[in-house]
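The data block below is data_23.txt; it holds compact mmCIF, C-alpha atoms.
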# COMPACT_ATOMS: atom_id res chain seq x y z
CA MET A 1 0.69 -11.90 -17.88
CA LYS A 2 2.24 -8.66 -16.60
CA ASP A 3 2.16 -8.37 -12.79
CA LEU A 4 2.84 -5.21 -10.78
CA LEU A 5 3.52 -5.09 -7.05
CA LEU A 6 2.21 -1.84 -5.57
CA VAL A 7 3.59 -1.14 -2.08
CA VAL A 8 1.55 1.49 -0.26
CA ASP A 9 3.03 3.88 2.32
CA MET A 10 5.51 1.68 4.20
CA GLN A 11 6.70 4.60 6.34
CA ASN A 12 8.21 4.77 9.82
CA VAL A 13 5.12 6.38 11.38
CA TYR A 14 3.45 2.94 11.10
CA LEU A 15 6.17 1.06 13.00
CA LYS A 16 5.65 -0.31 16.51
CA ASN A 17 5.64 2.44 19.17
CA GLN A 18 5.07 5.19 16.59
CA LYS A 19 2.03 7.48 16.48
CA TRP A 20 0.14 5.51 13.82
CA ALA A 21 1.56 2.08 14.64
CA CYS A 22 0.04 -0.80 12.70
CA LEU A 23 -0.02 -4.39 13.90
CA ASP A 24 2.81 -5.85 11.84
CA THR A 25 4.55 -3.22 9.76
CA GLU A 26 7.95 -4.78 10.41
CA GLY A 27 6.75 -8.28 9.42
CA CYS A 28 5.08 -6.87 6.32
CA ALA A 29 8.33 -5.20 5.33
CA GLU A 30 10.17 -8.53 5.60
CA ARG A 31 7.55 -10.33 3.51
CA ILE A 32 7.52 -7.53 0.92
CA VAL A 33 11.30 -7.77 0.58
CA SER A 34 10.95 -11.53 0.05
CA LEU A 35 8.31 -10.97 -2.63
CA ILE A 36 10.50 -8.47 -4.44
CA LYS A 37 13.58 -10.67 -4.21
CA SER A 38 11.60 -13.56 -5.70
CA LYS A 39 11.64 -11.63 -9.01
CA ARG A 40 8.04 -12.78 -9.47
CA PHE A 41 6.83 -9.33 -10.53
CA ASP A 42 7.41 -7.51 -13.79
CA ASP A 43 7.47 -4.18 -11.97
CA VAL A 44 7.37 -2.78 -8.43
CA VAL A 45 6.16 0.65 -7.34
CA PHE A 46 6.20 2.28 -3.90
CA THR A 47 4.09 5.18 -2.66
CA LYS A 48 4.43 7.32 0.43
CA PHE A 49 2.05 9.79 2.01
CA ILE A 50 3.40 13.33 2.31
CA ALA A 51 0.98 16.04 3.42
CA ASP A 52 0.12 18.71 0.86
CA PRO A 53 0.78 22.12 2.46
CA GLN A 54 -1.81 23.63 0.11
CA ALA A 55 -4.56 21.12 1.02
CA SER A 56 -8.10 22.36 1.45
CA GLY A 57 -11.25 21.12 3.17
CA VAL A 58 -10.98 17.98 5.27
CA TRP A 59 -7.37 17.45 4.17
CA ALA A 60 -6.41 20.86 5.58
CA ASP A 61 -8.03 19.85 8.88
CA TYR A 62 -6.25 16.47 8.76
CA ASN A 63 -2.89 18.13 8.13
CA LYS A 64 -3.43 20.57 10.99
CA LYS A 65 -4.36 17.77 13.41
CA TYR A 66 -1.29 15.73 12.42
CA ALA A 67 1.19 18.59 11.91
CA ASP A 68 3.71 16.86 14.19
CA VAL A 69 3.74 13.73 12.01
CA ASN A 70 3.83 15.76 8.81
CA ALA A 71 6.86 17.73 10.05
CA SER A 72 8.85 14.66 11.10
CA ASP A 73 11.47 13.46 8.62
CA PHE A 74 11.72 10.17 10.52
CA ALA A 75 7.96 9.52 10.50
CA ASN A 76 7.74 10.20 6.77
CA ALA A 77 10.79 8.15 5.77
CA MET A 78 10.34 4.69 4.34
CA VAL A 79 10.79 1.73 6.72
CA SER A 80 14.47 0.81 6.85
CA GLY A 81 13.62 -2.87 6.44
CA LEU A 82 13.01 -2.09 2.76
CA ASP A 83 16.45 -0.54 2.22
CA GLU A 84 17.89 -3.51 0.36
CA VAL A 85 15.24 -3.33 -2.40
CA ILE A 86 13.68 0.10 -2.44
CA SER A 87 16.51 1.84 -4.31
CA GLU A 88 15.76 -0.27 -7.38
CA TYR A 89 12.21 1.07 -7.80
CA PRO A 90 10.40 4.40 -7.91
CA VAL A 91 8.83 5.89 -4.79
CA TYR A 92 5.99 8.27 -5.61
CA GLN A 93 4.60 10.83 -3.18
CA LYS A 94 0.87 11.24 -2.69
CA SER A 95 -1.21 13.47 -0.43
CA VAL A 96 -4.49 11.53 -0.36
CA TYR A 97 -5.40 7.96 0.55
CA SER A 98 -5.40 6.32 -2.87
CA SER A 99 -2.08 5.63 -4.56
CA LEU A 100 -3.85 5.96 -7.90
CA ALA A 101 -4.03 9.73 -7.39
CA VAL A 102 -0.43 9.75 -8.62
CA PRO A 103 -0.53 9.84 -12.45
CA GLU A 104 2.60 7.68 -12.84
CA VAL A 105 1.22 5.03 -10.48
CA LEU A 106 -2.11 5.06 -12.27
CA GLU A 107 -0.37 4.59 -15.61
CA LYS A 108 1.72 1.68 -14.32
CA CYS A 109 -1.40 0.03 -12.91
CA ARG A 110 -3.30 0.46 -16.17
CA ASN A 111 -0.41 -1.16 -18.04
CA ALA A 112 -0.41 -4.23 -15.79
CA ASP A 113 -2.64 -7.27 -16.18
CA ARG A 114 -2.80 -7.60 -12.40
CA VAL A 115 -1.84 -5.38 -9.49
CA PHE A 116 -0.72 -7.05 -6.28
CA VAL A 117 -1.20 -4.71 -3.33
CA ALA A 118 0.87 -4.61 -0.13
CA GLY A 119 1.52 -2.00 2.56
CA VAL A 120 -0.29 0.05 5.19
CA VAL A 121 -2.86 1.05 6.42
CA ALA A 122 -5.29 -1.76 5.54
CA GLU A 123 -8.43 0.20 6.37
CA CYS A 124 -7.31 3.54 4.87
CA CYS A 125 -4.78 3.96 2.07
CA VAL A 126 -4.70 0.30 1.05
CA LEU A 127 -8.50 -0.04 0.96
CA SER A 128 -8.90 3.22 -0.97
CA THR A 129 -6.28 2.11 -3.50
CA VAL A 130 -7.85 -1.34 -3.93
CA LEU A 131 -11.33 0.13 -4.46
CA ASN A 132 -9.93 2.55 -7.05
CA LEU A 133 -8.21 -0.32 -8.87
CA ILE A 134 -11.48 -2.27 -8.93
CA ASP A 135 -13.43 0.75 -10.20
CA LEU A 136 -10.93 1.08 -13.05
CA GLY A 137 -11.42 -2.59 -13.97
CA ILE A 138 -7.91 -3.61 -12.95
CA TYR A 139 -7.66 -7.14 -11.59
CA THR A 140 -6.38 -6.79 -8.04
CA VAL A 141 -4.68 -9.18 -5.64
CA TYR A 142 -4.81 -8.20 -1.95
CA VAL A 143 -1.77 -9.85 -0.36
CA LYS A 144 -3.09 -9.92 3.19
CA ASP A 145 0.07 -11.02 5.01
CA CYS A 146 1.90 -8.10 3.38
CA ILE A 147 -0.74 -5.61 4.56
CA SER A 148 -1.09 -4.26 8.08
CA GLY A 149 -3.87 -2.35 9.77
CA LEU A 150 -4.29 -0.42 12.98
CA ASP A 151 -5.88 -3.35 14.81
CA ARG A 152 -7.16 -6.85 14.16
CA PRO A 153 -10.91 -5.98 13.99
CA LYS A 154 -10.26 -3.29 11.37
CA GLU A 155 -8.00 -5.60 9.33
CA GLU A 156 -10.67 -8.32 9.43
CA ALA A 157 -13.43 -5.86 8.50
CA THR A 158 -11.38 -4.71 5.49
CA GLU A 159 -10.90 -8.30 4.35
CA LEU A 160 -14.63 -8.95 4.85
CA ILE A 161 -15.51 -5.95 2.67
CA LEU A 162 -13.14 -7.13 -0.05
CA SER A 163 -14.35 -10.74 0.16
CA GLY A 164 -17.70 -9.50 -1.12
CA LEU A 165 -15.93 -8.43 -4.32
CA SER A 166 -14.02 -11.70 -4.60
CA PRO A 167 -13.09 -13.57 -6.71
CA LEU A 168 -14.13 -11.58 -9.77
CA HIS A 169 -12.71 -8.16 -8.87
CA VAL A 170 -10.18 -8.96 -6.20
CA LEU A 171 -8.39 -12.03 -4.96
CA VAL A 172 -7.52 -12.09 -1.25
CA CYS A 173 -4.53 -14.34 -0.60
CA THR A 174 -1.23 -14.62 1.22
CA SER A 175 2.26 -14.26 -0.16
CA GLY A 176 2.58 -18.05 -0.02
CA SER A 177 -0.50 -18.62 -2.17
CA LEU A 178 -0.15 -16.03 -4.95
CA PRO A 179 -1.71 -16.94 -8.27
CA GLY A 180 0.82 -17.95 -10.92
CA ALA A 181 1.48 -16.15 -14.17
CA ASP A 182 -0.91 -18.55 -15.93
CA GLN A 183 -3.85 -17.82 -13.60
Rewrite the coordinates I just gave you, this time as structure tokens.
Amino acid sequence: MKDLLLVVDMQNVYLKNQKWACLDTEGCAERIVSLIKSKRFDDVVFTKFIADPQASGVWADYNKKYADVNASDFANAMVSGLDEVISEYPVYQKSVYSSLAVPEVLEKCRNADRVFVAGVVAECCVLSTVLNLIDLGIYTVYVKDCISGLDRPKEEATELILSGLSPLHVLVCTSGSLPGADQ
């Protein structure tokens, strides 16, 4: 069984005291590093959101509203807690919520038997990516202690939505209860 870890948008803007702070970005980064160091995955891929200057429609409005975040090198940089592992794997830029909008990420996901998802934001980019994976028929594992949202009610609502698709399309678990290679 070929397993891929897809790490979504672990950028500084989601750290504590930043504009889009999520509940536990720092803790997620630590747990993601542990997962990667476990060598449990056949491949690891990172994505990061970078605004498209040529965006149209609602994305143009979004980029205008958040121009300060989009212009900040610090906000857009990957969380430093990932430094010890991130250099070993590709980091793909995207300008929409779903990581599968990136052709290389989509191809890696299609070539995996299972995609384990980690990162931020639970109720935006992570949820969009997970729903895309499900629509493509890719077995998905939502590693909830490696995913952070804007607040607890939104995190719980996201897990509730995904639990309706479980266990056939998506497995919701923690990093300590991941399915083995034989499952």
Compute the distance from (4.0, -0.5, 6.5) to each atom, counting all atoms listed in the file, keep the residues with any atom at most 12 Å away, and return them as a JSON list (two decimals) with C-alpha atoms, keeping the file's coordinate frame; use the coordinates of the file.
[["chain", "number", "residue", "atom", "x", "y", "z"],
["A", 7, "VAL", "CA", 3.59, -1.14, -2.08],
["A", 8, "VAL", "CA", 1.55, 1.49, -0.26],
["A", 9, "ASP", "CA", 3.03, 3.88, 2.32],
["A", 10, "MET", "CA", 5.51, 1.68, 4.20],
["A", 11, "GLN", "CA", 6.70, 4.60, 6.34],
["A", 12, "ASN", "CA", 8.21, 4.77, 9.82],
["A", 13, "VAL", "CA", 5.12, 6.38, 11.38],
["A", 14, "TYR", "CA", 3.45, 2.94, 11.10],
["A", 15, "LEU", "CA", 6.17, 1.06, 13.00],
["A", 16, "LYS", "CA", 5.65, -0.31, 16.51],
["A", 18, "GLN", "CA", 5.07, 5.19, 16.59],
["A", 20, "TRP", "CA", 0.14, 5.51, 13.82],
["A", 21, "ALA", "CA", 1.56, 2.08, 14.64],
["A", 22, "CYS", "CA", 0.04, -0.80, 12.70],
["A", 23, "LEU", "CA", -0.02, -4.39, 13.90],
["A", 24, "ASP", "CA", 2.81, -5.85, 11.84],
["A", 25, "THR", "CA", 4.55, -3.22, 9.76],
["A", 26, "GLU", "CA", 7.95, -4.78, 10.41],
["A", 27, "GLY", "CA", 6.75, -8.28, 9.42],
["A", 28, "CYS", "CA", 5.08, -6.87, 6.32],
["A", 29, "ALA", "CA", 8.33, -5.20, 5.33],
["A", 30, "GLU", "CA", 10.17, -8.53, 5.60],
["A", 31, "ARG", "CA", 7.55, -10.33, 3.51],
["A", 32, "ILE", "CA", 7.52, -7.53, 0.92],
["A", 33, "VAL", "CA", 11.30, -7.77, 0.58],
["A", 46, "PHE", "CA", 6.20, 2.28, -3.90],
["A", 47, "THR", "CA", 4.09, 5.18, -2.66],
["A", 48, "LYS", "CA", 4.43, 7.32, 0.43],
["A", 49, "PHE", "CA", 2.05, 9.79, 2.01],
["A", 75, "ALA", "CA", 7.96, 9.52, 10.50],
["A", 76, "ASN", "CA", 7.74, 10.20, 6.77],
["A", 77, "ALA", "CA", 10.79, 8.15, 5.77],
["A", 78, "MET", "CA", 10.34, 4.69, 4.34],
["A", 79, "VAL", "CA", 10.79, 1.73, 6.72],
["A", 80, "SER", "CA", 14.47, 0.81, 6.85],
["A", 81, "GLY", "CA", 13.62, -2.87, 6.44],
["A", 82, "LEU", "CA", 13.01, -2.09, 2.76],
["A", 117, "VAL", "CA", -1.20, -4.71, -3.33],
["A", 118, "ALA", "CA", 0.87, -4.61, -0.13],
["A", 119, "GLY", "CA", 1.52, -2.00, 2.56],
["A", 120, "VAL", "CA", -0.29, 0.05, 5.19],
["A", 121, "VAL", "CA", -2.86, 1.05, 6.42],
["A", 122, "ALA", "CA", -5.29, -1.76, 5.54],
["A", 125, "CYS", "CA", -4.78, 3.96, 2.07],
["A", 126, "VAL", "CA", -4.70, 0.30, 1.05],
["A", 145, "ASP", "CA", 0.07, -11.02, 5.01],
["A", 146, "CYS", "CA", 1.90, -8.10, 3.38],
["A", 147, "ILE", "CA", -0.74, -5.61, 4.56],
["A", 148, "SER", "CA", -1.09, -4.26, 8.08],
["A", 149, "GLY", "CA", -3.87, -2.35, 9.77],
["A", 150, "LEU", "CA", -4.29, -0.42, 12.98]]
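Each of A:Ser95, A:Arg152, A:Ala157, A:Ser38 was compared to Gly176 (chain A) using only C-alpha atoms, and A:Ser38 turns out to be the nearest.
Using only C-alpha atoms, the smallest distance between any of A:Val115, A:Ile50, A:Leu127, A:Val85 and Ser98 (chain A) comes from A:Leu127.
The two atoms in question, CA of Thr140 (chain A) and CA of His169 (chain A), are spaced 6.5 Å apart.
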Review point. CA of Pro167 (chain A) and CA of Leu131 (chain A) are how many Å apart?
Key: 14.0 Å
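The two atoms in question, CA of Val170 (chain A) and CA of Val143 (chain A), are spaced 10.3 Å apart.
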Around all the atoms of region 74-92 of chain A listed in the file, with 6 Å of room on each side, what axis-aligned box do you get, giving centre and edge lengths in Å to one decimal, as lines of an AutoDock Vina configuration file?
center_x = 11.9
center_y = 3.3
center_z = 1.3
size_x = 23.9
size_y = 25.7
size_z = 30.4
Check your understanding: Hey, which of A:Ser163, A:Asn17, A:Asn132, A:Ser72 ends up closest to Ser99 (chain A)? Count only C-alpha atoms.
Key -> A:Asn132
Contacts of Pro179 (chain A) at 12 Å or less, counting only C-alpha atoms, minus same-chain residues fewer than 2 places along, as an mmCIF file with C-alpha atoms, keeping the file's coordinate frame?
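File part16.cif, as written:
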data_model
loop_
_atom_site.group_PDB
_atom_site.id
_atom_site.type_symbol
_atom_site.label_atom_id
_atom_site.label_comp_id
_atom_site.auth_asym_id
_atom_site.auth_seq_id
_atom_site.Cartn_x
_atom_site.Cartn_y
_atom_site.Cartn_z
ATOM 1 C CA MET A 1 0.690 -11.900 -17.880
ATOM 2 C CA ASP A 3 2.160 -8.370 -12.790
ATOM 3 C CA ARG A 40 8.040 -12.780 -9.470
ATOM 4 C CA PHE A 41 6.830 -9.330 -10.530
ATOM 5 C CA ARG A 114 -2.800 -7.600 -12.400
ATOM 6 C CA VAL A 115 -1.840 -5.380 -9.490
ATOM 7 C CA PHE A 116 -0.720 -7.050 -6.280
ATOM 8 C CA TYR A 139 -7.660 -7.140 -11.590
ATOM 9 C CA THR A 140 -6.380 -6.790 -8.040
ATOM 10 C CA VAL A 141 -4.680 -9.180 -5.640
ATOM 11 C CA TYR A 142 -4.810 -8.200 -1.950
ATOM 12 C CA VAL A 143 -1.770 -9.850 -0.360
ATOM 13 C CA PRO A 167 -13.090 -13.570 -6.710
ATOM 14 C CA VAL A 170 -10.180 -8.960 -6.200
ATOM 15 C CA LEU A 171 -8.390 -12.030 -4.960
ATOM 16 C CA VAL A 172 -7.520 -12.090 -1.250
ATOM 17 C CA CYS A 173 -4.530 -14.340 -0.600
ATOM 18 C CA THR A 174 -1.230 -14.620 1.220
ATOM 19 C CA SER A 175 2.260 -14.260 -0.160
ATOM 20 C CA GLY A 176 2.580 -18.050 -0.020
ATOM 21 C CA SER A 177 -0.500 -18.620 -2.170
ATOM 22 C CA ALA A 181 1.480 -16.150 -14.170
ATOM 23 C CA ASP A 182 -0.910 -18.550 -15.930
ATOM 24 C CA GLN A 183 -3.850 -17.820 -13.600
#
What are the closest atom pairs, with distances in Å to one decimal, for all residues of region 5-97 of chain A lying within 8 Å of region 102-105 of chain A? Consider all atoms listed in the file, order rows by chain and residue number, and present the result as a Markdown table.
| residue | atom | partner | partner_atom | distance |
| --- | --- | --- | --- | --- |
| A:Val45 | CA | A:Val105 | CA | 7.3 |
| A:Tyr92 | CA | A:Val102 | CA | 7.2 |
| A:Gln93 | CA | A:Val102 | CA | 7.5 |
| A:Lys94 | CA | A:Val102 | CA | 6.3 |
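Around Ala67 (chain A), within 12 Å and counting all atoms listed in the file, the residues found are Ile50, Ala51, Asp52, Pro53, Trp59, Ala60, Asp61, Asp73, Ala75 and Asn76 of chain A, once anything fewer than 6 positions away on its own chain is removed.
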